[in-house]
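This is my_file.txt. It holds compact mmCIF, C-alpha atoms.
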```txt
# COMPACT_ATOMS: atom_id res chain seq x y z
CA MET A 453 -77.57 133.57 -140.02
CA ARG A 454 -75.19 131.36 -138.12
CA PRO A 455 -71.60 132.63 -137.73
CA ILE A 456 -69.15 130.78 -139.90
CA GLY A 457 -67.30 128.07 -138.02
CA VAL A 458 -69.88 127.81 -135.27
CA ARG A 459 -71.48 124.43 -134.65
CA ARG A 460 -74.82 123.70 -133.13
CA CYS A 461 -74.82 120.77 -130.79
CA ARG A 462 -77.57 118.87 -129.00
CA LEU A 463 -77.05 117.96 -125.42
CA VAL A 464 -79.07 115.32 -123.63
CA ALA A 465 -79.32 115.34 -119.88
CA LEU A 466 -78.31 112.05 -118.32
CA ALA A 467 -78.53 112.93 -114.72
CA VAL A 468 -78.35 115.94 -112.55
CA GLY A 469 -75.20 117.82 -113.31
CA ALA A 470 -74.26 115.58 -116.28
CA VAL A 471 -74.91 115.92 -119.97
CA MET A 472 -73.97 113.94 -123.07
CA LEU A 473 -73.03 115.38 -126.43
CA ILE A 474 -75.35 113.72 -128.92
CA SER A 475 -74.60 115.54 -132.16
CA CYS A 476 -73.20 118.68 -133.64
CA SER A 477 -74.14 120.33 -136.90
CA GLY A 478 -72.96 123.26 -138.86
CA ASP A 479 -70.31 124.18 -141.41
CA GLY A 480 -67.33 124.72 -138.98
CA ASN A 481 -63.90 123.77 -140.36
CA SER A 482 -62.11 122.63 -137.14
CA THR A 483 -60.86 118.97 -136.98
CA MET A 484 -59.84 116.56 -134.19
CA GLN A 485 -56.05 115.45 -134.40
CA GLY A 486 -54.20 112.54 -132.64
CA PRO A 487 -50.71 112.72 -130.98
CA PRO A 488 -47.70 113.26 -133.30
CA THR A 489 -45.93 110.16 -134.61
CA VAL A 490 -42.23 109.57 -133.63
CA ALA A 491 -40.11 108.98 -136.71
CA SER A 492 -36.58 109.06 -135.21
CA VAL A 493 -34.65 109.07 -131.93
CA THR A 494 -31.20 110.56 -131.54
CA ILE A 495 -28.88 110.22 -128.51
CA ALA A 496 -26.29 112.78 -127.42
CA ALA A 497 -23.43 112.19 -124.96
CA PRO A 498 -20.93 114.58 -123.33
CA SER A 499 -18.17 112.18 -124.46
CA ALA A 500 -18.02 109.13 -126.69
CA SER A 501 -15.60 107.49 -124.25
CA ILE A 502 -15.62 106.94 -120.50
CA ALA A 503 -13.36 104.95 -118.21
CA VAL A 504 -14.28 101.90 -116.20
CA GLY A 505 -16.19 103.05 -113.10
CA GLU A 506 -17.09 106.43 -114.59
CA THR A 507 -20.64 107.56 -115.42
CA GLU A 508 -22.19 110.05 -117.81
CA ARG A 509 -25.75 111.13 -118.47
CA LEU A 510 -27.03 110.60 -122.00
CA SER A 511 -29.90 112.56 -123.55
CA ALA A 512 -32.35 111.33 -126.19
CA THR A 513 -34.52 113.41 -128.52
CA ALA A 514 -37.57 112.09 -130.40
CA LYS A 515 -38.66 113.80 -133.64
CA ASP A 516 -41.48 113.39 -136.12
CA ALA A 517 -41.08 112.94 -139.88
CA GLN A 518 -40.81 116.72 -140.35
CA GLY A 519 -37.97 116.98 -137.84
CA ASN A 520 -40.09 118.52 -135.12
CA VAL A 521 -39.30 117.57 -131.55
CA VAL A 522 -41.89 115.28 -130.03
CA ASN A 523 -42.20 115.86 -126.32
CA GLY A 524 -43.70 113.64 -123.72
CA THR A 525 -42.66 110.35 -125.23
CA GLY A 526 -41.59 107.61 -122.85
CA LEU A 527 -38.06 106.29 -123.45
CA THR A 528 -36.69 102.83 -122.75
CA TRP A 529 -32.90 102.59 -122.31
CA SER A 530 -30.80 99.48 -122.96
CA SER A 531 -27.17 98.36 -123.45
CA SER A 532 -25.97 95.89 -126.06
CA ASN A 533 -23.50 94.40 -123.56
CA THR A 534 -24.02 95.01 -119.86
CA SER A 535 -20.65 93.41 -119.05
CA ILE A 536 -19.03 96.43 -120.74
CA ALA A 537 -21.47 99.22 -119.82
CA THR A 538 -24.87 99.57 -118.19
CA VAL A 539 -27.51 102.29 -118.53
CA ASN A 540 -30.37 103.05 -116.15
CA ASP A 541 -33.90 104.32 -116.80
CA SER A 542 -32.67 107.90 -116.62
CA GLY A 543 -30.06 107.41 -119.34
CA VAL A 544 -27.03 107.34 -117.02
CA ALA A 545 -24.34 105.05 -118.50
CA THR A 546 -21.69 103.37 -116.31
CA GLY A 547 -18.43 101.86 -117.58
CA VAL A 548 -17.96 98.27 -116.41
CA ALA A 549 -15.07 96.85 -118.47
CA PRO A 550 -12.91 98.01 -121.40
CA GLY A 551 -14.57 97.59 -124.78
CA ALA A 552 -17.14 99.05 -127.17
CA VAL A 553 -20.89 98.98 -126.58
CA SER A 554 -24.08 100.33 -128.16
CA ILE A 555 -26.55 102.26 -125.97
CA THR A 556 -30.13 102.40 -127.28
CA ALA A 557 -33.09 104.65 -126.40
CA THR A 558 -36.48 103.50 -127.73
CA ALA A 559 -39.61 105.67 -128.06
CA GLY A 560 -42.46 103.33 -128.68
CA THR A 561 -41.11 101.10 -131.40
CA VAL A 562 -38.56 103.57 -132.75
CA PRO A 563 -34.98 103.06 -131.52
CA GLY A 564 -31.92 105.31 -131.58
CA SER A 565 -28.40 104.17 -130.75
CA LEU A 566 -25.04 105.61 -129.73
CA SER A 567 -21.64 103.88 -129.75
CA LEU A 568 -19.77 104.23 -126.46
CA THR A 569 -16.18 103.19 -125.79
CA ILE A 570 -15.14 102.10 -122.31
CA THR A 571 -11.46 102.52 -121.50
CA SER A 572 -9.41 101.16 -118.62
CA ALA A 573 -9.55 103.17 -115.45
CA PRO A 574 -6.58 105.54 -115.04
CA VAL A 575 -3.66 104.00 -113.14
CA SER A 576 -3.24 105.81 -109.86
CA SER A 577 -0.51 103.63 -108.36
CA VAL A 578 1.71 100.62 -108.99
CA VAL A 579 2.51 98.23 -106.15
CA ILE A 580 5.40 95.73 -106.24
CA SER A 581 5.26 92.61 -104.11
CA PRO A 582 7.12 91.59 -102.15
CA ASP A 583 8.00 95.15 -101.18
CA GLN A 584 11.32 94.05 -99.69
CA VAL A 585 13.93 91.66 -101.06
CA GLY A 586 16.53 90.09 -98.82
CA THR A 587 20.21 90.07 -99.69
CA LEU A 588 20.93 87.93 -102.74
CA THR A 589 24.08 86.16 -103.85
CA VAL A 590 25.22 86.71 -107.42
CA GLY A 591 23.41 84.17 -109.56
CA ASP A 592 20.33 84.02 -107.33
CA THR A 593 16.91 84.88 -108.73
CA VAL A 594 13.71 86.21 -107.19
CA ARG A 595 10.31 86.72 -108.79
CA LEU A 596 8.54 90.06 -108.28
CA ALA A 597 4.93 90.89 -109.13
CA ALA A 598 3.44 94.31 -109.82
CA THR A 599 -0.21 95.38 -109.63
CA GLU A 600 -1.75 98.50 -111.15
CA GLN A 601 -4.38 100.17 -108.97
CA ASP A 602 -7.03 102.81 -109.59
CA ALA A 603 -7.66 105.78 -107.31
CA GLY A 604 -9.80 103.64 -105.02
CA GLY A 605 -7.15 100.94 -104.64
CA GLY A 606 -8.89 98.53 -106.97
CA ALA A 607 -6.70 96.23 -109.03
CA LEU A 608 -6.48 96.94 -112.76
CA ASP A 609 -5.75 94.40 -115.44
CA GLY A 610 -2.73 95.99 -117.12
CA ALA A 611 0.92 95.27 -117.83
CA VAL A 612 3.90 97.10 -116.37
CA THR A 613 7.36 97.71 -117.76
CA TRP A 614 10.23 96.38 -115.65
CA SER A 615 13.70 97.93 -115.49
CA SER A 616 16.84 97.97 -113.34
CA LEU A 617 18.68 101.09 -112.31
CA ASP A 618 22.02 99.24 -112.59
CA THR A 619 22.08 96.12 -114.76
CA MET A 620 25.58 95.23 -113.59
CA VAL A 621 24.13 94.66 -110.10
CA ALA A 622 20.74 93.15 -110.95
CA ARG A 623 18.74 92.48 -114.09
CA VAL A 624 15.01 91.94 -114.50
CA ASP A 625 13.09 90.38 -117.38
CA SER A 626 9.68 91.33 -118.75
CA GLY A 627 7.97 88.99 -116.30
CA GLY A 628 9.57 90.46 -113.17
CA LEU A 629 12.25 87.76 -112.68
CA VAL A 630 15.24 89.44 -111.02
CA THR A 631 18.73 87.97 -111.35
CA ALA A 632 21.51 89.06 -109.00
CA TRP A 633 24.31 90.05 -111.35
CA GLY A 634 27.08 91.64 -109.35
CA ALA A 635 27.92 92.80 -105.84
CA GLY A 636 26.25 96.05 -104.87
CA SER A 637 22.83 97.62 -104.44
CA THR A 638 20.30 98.93 -106.96
CA PHE A 639 16.59 99.46 -107.51
CA ILE A 640 14.14 97.47 -109.63
CA HIS A 641 11.32 99.57 -111.13
CA ALA A 642 7.85 98.62 -112.36
CA ALA A 643 6.17 101.39 -114.36
CA SER A 644 2.83 102.03 -116.00
CA GLY A 645 3.20 105.22 -117.96
CA SER A 646 4.42 107.86 -115.54
CA VAL A 647 3.32 105.88 -112.46
CA SER A 648 5.85 103.50 -110.91
CA ASP A 649 7.02 101.66 -107.83
CA SER A 650 10.48 100.38 -106.92
CA VAL A 651 12.15 97.90 -104.62
CA GLN A 652 15.78 97.80 -103.52
CA VAL A 653 17.95 94.80 -104.30
CA THR A 654 21.29 94.17 -102.60
CA ASP A 655 23.69 91.51 -103.88
CA THR A 656 26.81 89.93 -102.44
CA ALA A 657 29.55 88.41 -104.56
CA ALA A 658 29.43 84.71 -105.28
CA THR A 659 32.08 82.47 -103.78
CA PRO A 660 34.74 82.00 -106.46
CA ALA A 661 35.13 78.47 -107.81
CA LEU A 662 38.65 77.12 -107.45
CA LEU A 663 40.41 76.31 -110.71
CA THR A 664 42.05 72.89 -110.65
CA LEU A 665 44.13 70.82 -113.06
CA ALA A 666 42.20 68.71 -115.58
CA ALA A 667 38.88 70.25 -114.56
CA ILE A 668 36.01 70.24 -117.04
CA ILE A 669 34.17 73.53 -116.64
CA GLY A 670 31.07 73.63 -118.80
CA LYS A 671 29.53 71.23 -121.28
CA ASP A 672 32.13 69.06 -123.00
CA SER A 673 31.05 69.57 -126.61
CA LEU A 674 33.86 71.20 -128.61
CA PRO A 675 36.54 69.08 -130.32
CA ALA A 676 40.02 69.12 -128.86
CA GLY A 677 42.90 70.94 -130.54
CA ASP A 678 43.10 73.47 -133.31
CA THR A 679 41.08 73.54 -136.50
CA PRO A 680 42.89 73.14 -139.85
CA GLN A 681 42.84 76.94 -140.10
CA GLY A 682 44.70 77.23 -136.79
CA GLY A 683 48.05 76.16 -135.48
CA GLN A 684 49.49 73.14 -137.28
CA GLY A 685 53.14 73.91 -136.49
CA ALA A 686 53.71 77.03 -138.61
CA PRO A 687 53.79 80.47 -136.94
CA ILE A 688 50.42 82.17 -136.40
CA ASP A 689 50.42 85.95 -135.91
CA SER A 690 54.21 85.64 -135.47
CA ILE A 691 53.53 83.25 -132.60
CA GLY A 692 55.59 80.11 -132.92
CA CYS A 693 56.17 76.91 -131.01
CA LEU A 694 58.04 76.84 -127.75
CA GLY A 695 61.07 74.64 -128.33
CA MET A 696 62.20 72.08 -125.80
CA SER A 697 65.41 74.04 -125.29
CA ASP A 698 63.75 77.47 -125.19
CA THR A 699 63.73 79.39 -121.95
CA VAL A 700 60.31 80.59 -120.80
CA ALA A 701 60.70 84.32 -120.28
CA TYR A 702 57.01 85.17 -120.16
CA HIS A 703 54.56 82.95 -118.25
CA ILE A 704 51.03 84.05 -117.28
CA HIS A 705 47.53 82.54 -117.19
CA ILE A 706 44.14 83.88 -118.32
CA HIS A 707 40.71 82.34 -117.94
CA LEU A 708 38.21 82.15 -120.81
CA THR A 709 34.51 81.35 -120.36
CA LEU A 710 32.24 80.53 -123.31
CA ILE A 711 28.46 80.75 -122.79
CA VAL A 712 26.06 79.99 -125.65
CA ASN A 713 22.38 80.81 -125.16
CA GLY A 714 22.79 80.74 -121.39
CA GLU A 715 24.75 77.43 -121.26
CA GLN A 716 28.45 77.31 -120.45
CA LEU A 717 30.59 75.27 -122.84
CA ALA A 718 33.99 73.88 -121.93
CA VAL A 719 36.94 75.45 -123.71
CA PRO A 720 38.60 72.49 -125.44
CA LEU A 721 41.94 71.05 -124.38
CA GLY A 722 44.86 70.98 -126.78
CA ILE A 723 44.42 74.43 -128.32
CA GLY A 724 47.85 75.47 -129.57
CA THR A 725 49.31 71.95 -129.42
CA VAL A 726 50.54 69.57 -132.13
CA ASP A 727 50.94 65.81 -131.75
CA ARG A 728 49.86 66.00 -128.12
CA THR A 729 49.95 63.33 -125.44
CA VAL A 730 47.14 63.33 -122.90
CA SER A 731 46.78 61.78 -119.47
CA LYS A 732 43.91 61.30 -117.02
CA GLU A 733 46.02 61.11 -113.91
CA PHE A 734 45.53 64.69 -112.71
CA GLY A 735 41.79 65.11 -112.23
CA GLU A 736 38.34 64.49 -113.63
CA GLY A 737 39.31 65.15 -117.25
CA LEU A 738 42.20 64.73 -119.63
CA PHE A 739 45.38 66.82 -119.44
CA VAL A 740 47.92 67.48 -122.19
CA THR A 741 51.29 66.39 -120.80
CA ALA A 742 53.44 66.60 -123.95
CA ALA A 743 53.35 67.80 -127.58
CA SER A 744 55.73 68.26 -130.48
CA CYS A 745 54.67 71.92 -130.52
CA PHE A 746 53.28 74.11 -127.77
CA TYR A 747 52.31 77.47 -129.21
CA TRP A 748 52.96 80.40 -126.91
CA ILE A 749 49.22 80.38 -126.22
CA HIS A 750 47.72 76.96 -125.47
CA THR A 751 45.38 74.94 -123.26
CA HIS A 752 46.23 71.82 -121.26
CA ASP A 753 42.69 70.87 -120.22
CA GLU A 754 39.03 71.90 -120.38
CA SER A 755 39.11 74.28 -117.44
CA GLY A 756 39.21 77.39 -119.64
CA VAL A 757 42.70 78.34 -118.47
CA LEU A 758 44.81 79.79 -121.29
CA HIS A 759 48.52 79.25 -120.71
CA VAL A 760 50.92 81.85 -122.04
CA GLU A 761 54.47 80.54 -122.16
CA ALA A 762 56.80 82.44 -124.46
CA PRO A 763 60.57 82.87 -124.90
CA ILE A 764 60.04 86.65 -125.10
CA GLN A 765 57.66 89.06 -123.44
CA ARG A 766 55.29 90.59 -125.97
CA GLY A 767 51.75 91.81 -126.08
CA LEU A 768 49.26 89.03 -126.73
CA THR A 769 45.51 89.30 -127.13
CA LEU A 770 42.39 87.18 -127.21
CA GLY A 771 42.43 87.58 -130.99
CA ASN A 772 45.83 85.85 -131.09
CA ALA A 773 44.45 82.95 -129.04
CA PHE A 774 41.52 82.47 -131.44
CA ASP A 775 43.84 82.66 -134.44
CA VAL A 776 45.98 79.89 -132.97
CA TRP A 777 42.77 77.94 -132.31
CA GLY A 778 41.66 78.63 -135.89
CA GLN A 779 38.26 79.95 -134.85
CA PRO A 780 36.48 83.22 -135.67
CA LEU A 781 36.07 85.91 -133.03
CA THR A 782 33.80 88.85 -133.85
CA ARG A 783 30.86 90.69 -132.32
CA THR A 784 28.52 88.22 -134.03
CA ASN A 785 30.52 84.98 -134.25
CA VAL A 786 32.52 83.14 -131.62
CA ALA A 787 34.02 79.80 -132.63
CA GLY A 788 31.18 79.30 -135.12
CA PHE A 789 28.41 80.20 -132.67
CA LYS A 790 26.55 83.10 -134.24
CA GLY A 791 24.49 85.76 -132.54
CA PRO A 792 24.97 88.97 -130.57
CA VAL A 793 28.10 88.67 -128.45
CA THR A 794 28.26 90.20 -124.98
CA VAL A 795 31.72 90.47 -123.46
CA PHE A 796 32.70 90.77 -119.81
CA VAL A 797 36.24 91.36 -118.58
CA ASP A 798 36.81 90.78 -114.88
CA GLY A 799 33.03 90.87 -114.39
CA LYS A 800 32.54 94.23 -116.10
CA LEU A 801 30.88 94.85 -119.44
CA TYR A 802 33.37 95.33 -122.26
CA THR A 803 32.16 97.19 -125.36
CA GLY A 804 35.27 97.14 -127.53
CA ASP A 805 36.48 94.59 -130.08
CA PRO A 806 36.96 91.28 -128.23
CA ARG A 807 40.01 90.56 -130.38
CA ASP A 808 41.76 93.52 -128.74
CA ILE A 809 41.47 92.27 -125.15
CA ALA A 810 45.04 92.26 -123.88
CA PHE A 811 46.30 89.34 -121.84
CA VAL A 812 47.15 90.23 -118.25
CA THR A 813 47.81 87.80 -115.40
CA HIS A 814 44.62 86.18 -114.11
CA LYS A 815 42.33 88.22 -116.32
CA GLU A 816 38.86 86.64 -116.54
CA ILE A 817 37.17 86.93 -119.94
CA THR A 818 33.58 85.85 -120.55
CA LEU A 819 32.04 85.66 -124.01
CA GLU A 820 28.25 85.21 -124.12
CA ILE A 821 26.65 84.43 -127.46
CA GLY A 822 22.90 84.94 -127.71
CA GLY A 823 20.75 84.87 -124.63
CA PRO A 824 19.54 84.81 -122.01
CA LEU A 825 22.54 86.50 -120.46
CA VAL A 826 23.80 84.98 -117.21
CA PRO A 827 26.18 86.48 -114.66
CA PRO A 828 29.81 85.88 -115.62
CA PRO A 829 31.35 83.24 -113.33
CA VAL A 830 34.15 84.08 -110.93
CA TYR A 831 37.13 81.82 -110.24
CA ALA A 832 39.86 81.55 -107.65
CA TRP A 833 43.36 80.91 -108.93
CA PRO A 834 45.53 78.29 -107.25
CA SER A 835 48.90 79.41 -106.02
CA GLY A 836 50.74 77.35 -108.62
CA LEU A 837 49.38 79.32 -111.61
CA PRO A 838 51.00 82.76 -111.88
```
Write-out of the structure in structure tokens:
Amino acid sequence: MRPIGVRRCRLVALAVGAVMLISCSGDGNSTMQGPPTVASVTIAAPSASIAVGETERLSATAKDAQGNVVNGTGLTWSSSNTSIATVNDSGVATGVAPGAVSITATAGTVPGSLSLTITSAPVSSVVISPDQVGTLTVGDTVRLAATEQDAGGGALDGAVTWSSLDTMVARVDSGGLVTAWGAGSTFIHAASGSVSDSVQVTDTAATPALLTLAAIIGKDSLPAGDTPQGGQGAPIDSIGCLGMSDTVAYHIHIHLTLIVNGEQLAVPLGIGTVDRTVSKEFGEGLFVTAASCFYWIHTHDESGVLHVEAPIQRGLTLGNAFDVWGQPLTRTNVAGFKGPVTVFVDGKLYTGDPRDIAFVTHKEITLEIGGPLVPPPVYAWPSGLP
């Protein structure tokens, strides 16, 4: 008897030392099997996100239909967008640019994919150029640029946040445009997260513009005189007309500047006057030489000079002047121009109610409605205006 499972085979000699299997017979139950078939490929990554310039090694596993690992299969790696990330034959992925990409490993004809996110490289430093700014005069501007850099000094494509340490000396907009605002020294910062750079800015005061009679300071756009709601001869806020025979016991001058959306407008002549007579003999513009009524607060020209001439000395405010003019004055409305109102008194930011600004000799008041904000102008007073 032949042992179960044993086959008898005939061998034929072909040459010395070589034989050929011709046939086998018997009732053995062993069978010949081919290599396992890959049914799926899965990819694993240490992290689903890497930064530009970083690398990480991916691993791929092939399995058959029963979930058994199939070893020895050749893998082909590819990237859906090599401008975002690349992958080499060993499965090492490299971040190229921010974005999302699909990395694929293929075993035969069976692919497996993994989504990978590429983030911007961490910002290691911020560099402002130029790194030095010469002395500026109030009103001057200079453009700064800021570059984010990675640890290797490579430029990154990101945006910085600009700020000024003292906005009353210099201001900077979102694009790095610096405006000299007031005399002094401060620092301009450009920041990306917790990383920043700074540059020092030093400003000198602007040369004051001399106030002259009949000057037109600003755009001549507002109608002369009071509105119907203002002074028409009757007392306003207990402020009456200065009679021809009245003695002037209180005589001071204040300057008012109106700026709307960055443009200076001329304060109209004839505020606080009734039945006025004007002349052009004093300067570039008209000048009120006579009126049937001069309120204790009035204007003679378009220079912005407010004349206070009263028979008694009493406290007067900017609110009184606007009431005589017949125009609104609030934190959102100046003479009908609406928007956020920024107030400066003698070049310094004023946060109170503009109506409460008390009149004092040669006080300079600037009202800015809307934006962009511009440095408040500075004037020199002639000797003839107390």
What does the distance from atom CA of Pro582 of chain A to atom CA of Leu596 of chain A come to in Å, to one decimal? 6.5 Å
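Ranking A:Asn785, A:Ser648, A:Ser530, A:Thr619 by their shortest atom-to-atom distance to Pro563 of chain A, with only C-alpha atoms included, puts A:Ser530 first.
You can rank A:Thr818, A:Gln601, A:Thr638, A:Thr513 by their closest distance to Ser572 of chain A using only C-alpha atoms, and at the top of that list sits A:Gln601.
Each of A:Thr751, A:Gln681, A:Ser535, A:Asn772 was checked against Val719 of chain A using all atoms listed in the file; the smallest atom-to-atom distance is that of A:Thr751.
The closest residue to Ile764 of chain A, picked from A:Asp625, A:Asp698, A:Asp618, A:Glu506 and counting only C-alpha atoms, is A:Asp698.
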Pairwise distance for atom CA of Ala545 of chain A and atom CA of Thr571 of chain A, rounded to one decimal in Å: 13.5 Å
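Residues with any atom within 6 Å of Asp516 of chain A, counting all atoms listed in the file and excluding same-chain neighbours fewer than 5 positions away, are A:Thr489, A:Val490, A:Ala491.
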Could you add all heavy atoms to segment 756-765 of chain A and give me the result as a short mmCIF file (atom, residue, chain, number, x, y, z; two decimals), in the frame of the given file?
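Written out: part08.cif:
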```
data_model
loop_
_atom_site.label_atom_id
_atom_site.label_comp_id
_atom_site.auth_asym_id
_atom_site.auth_seq_id
_atom_site.Cartn_x
_atom_site.Cartn_y
_atom_site.Cartn_z
N GLY A 756 39.30 76.02 -119.14
CA GLY A 756 39.21 77.39 -119.64
C GLY A 756 40.45 78.21 -119.39
O GLY A 756 40.52 79.39 -119.77
N VAL A 757 41.46 77.62 -118.74
CA VAL A 757 42.70 78.34 -118.47
C VAL A 757 43.54 78.38 -119.74
O VAL A 757 43.84 77.34 -120.34
CB VAL A 757 43.50 77.66 -117.33
CG1 VAL A 757 44.86 78.35 -117.17
CG2 VAL A 757 42.71 77.73 -116.03
N LEU A 758 43.90 79.59 -120.16
CA LEU A 758 44.81 79.79 -121.29
C LEU A 758 46.21 80.00 -120.73
O LEU A 758 46.44 80.92 -119.93
CB LEU A 758 44.38 81.00 -122.12
CG LEU A 758 42.95 80.97 -122.70
CD1 LEU A 758 42.69 82.24 -123.51
CD2 LEU A 758 42.72 79.74 -123.55
N HIS A 759 47.13 79.15 -121.16
CA HIS A 759 48.52 79.25 -120.71
C HIS A 759 49.30 80.07 -121.72
O HIS A 759 49.26 79.81 -122.93
CB HIS A 759 49.14 77.86 -120.58
CG HIS A 759 48.46 76.97 -119.58
ND1 HIS A 759 49.03 76.63 -118.37
CD2 HIS A 759 47.26 76.34 -119.62
CE1 HIS A 759 48.21 75.84 -117.70
NE2 HIS A 759 47.13 75.65 -118.45
N VAL A 760 50.01 81.07 -121.20
CA VAL A 760 50.92 81.85 -122.04
C VAL A 760 52.34 81.54 -121.57
O VAL A 760 52.72 81.85 -120.45
CB VAL A 760 50.64 83.36 -121.92
CG1 VAL A 760 51.69 84.15 -122.70
CG2 VAL A 760 49.23 83.68 -122.43
N GLU A 761 53.07 80.87 -122.44
CA GLU A 761 54.47 80.54 -122.16
C GLU A 761 55.28 80.88 -123.40
O GLU A 761 55.12 80.24 -124.45
CB GLU A 761 54.61 79.05 -121.82
CG GLU A 761 53.80 78.62 -120.59
CD GLU A 761 53.88 77.12 -120.35
OE1 GLU A 761 55.00 76.59 -120.21
OE2 GLU A 761 52.80 76.48 -120.31
N ALA A 762 56.09 81.93 -123.29
CA ALA A 762 56.80 82.44 -124.46
C ALA A 762 58.26 82.71 -124.12
O ALA A 762 58.60 83.03 -122.97
CB ALA A 762 56.14 83.72 -124.95
N PRO A 763 59.15 82.59 -125.13
CA PRO A 763 60.57 82.87 -124.90
C PRO A 763 60.86 84.36 -124.80
O PRO A 763 61.95 84.75 -124.38
CB PRO A 763 61.25 82.25 -126.12
CG PRO A 763 60.21 82.30 -127.19
CD PRO A 763 58.90 82.10 -126.51
N ILE A 764 59.89 85.19 -125.19
CA ILE A 764 60.04 86.65 -125.10
C ILE A 764 58.76 87.22 -124.52
O ILE A 764 57.69 86.61 -124.59
CB ILE A 764 60.31 87.29 -126.48
CG1 ILE A 764 59.14 86.98 -127.44
CG2 ILE A 764 61.64 86.81 -127.06
CD1 ILE A 764 59.24 87.73 -128.76
N GLN A 765 58.85 88.40 -123.95
CA GLN A 765 57.66 89.06 -123.44
C GLN A 765 57.13 90.00 -124.51
O GLN A 765 57.83 90.91 -124.95
CB GLN A 765 57.96 89.83 -122.15
CG GLN A 765 56.71 90.44 -121.52
CD GLN A 765 56.94 90.90 -120.10
OE1 GLN A 765 57.95 90.54 -119.48
NE2 GLN A 765 56.01 91.69 -119.57
#
```
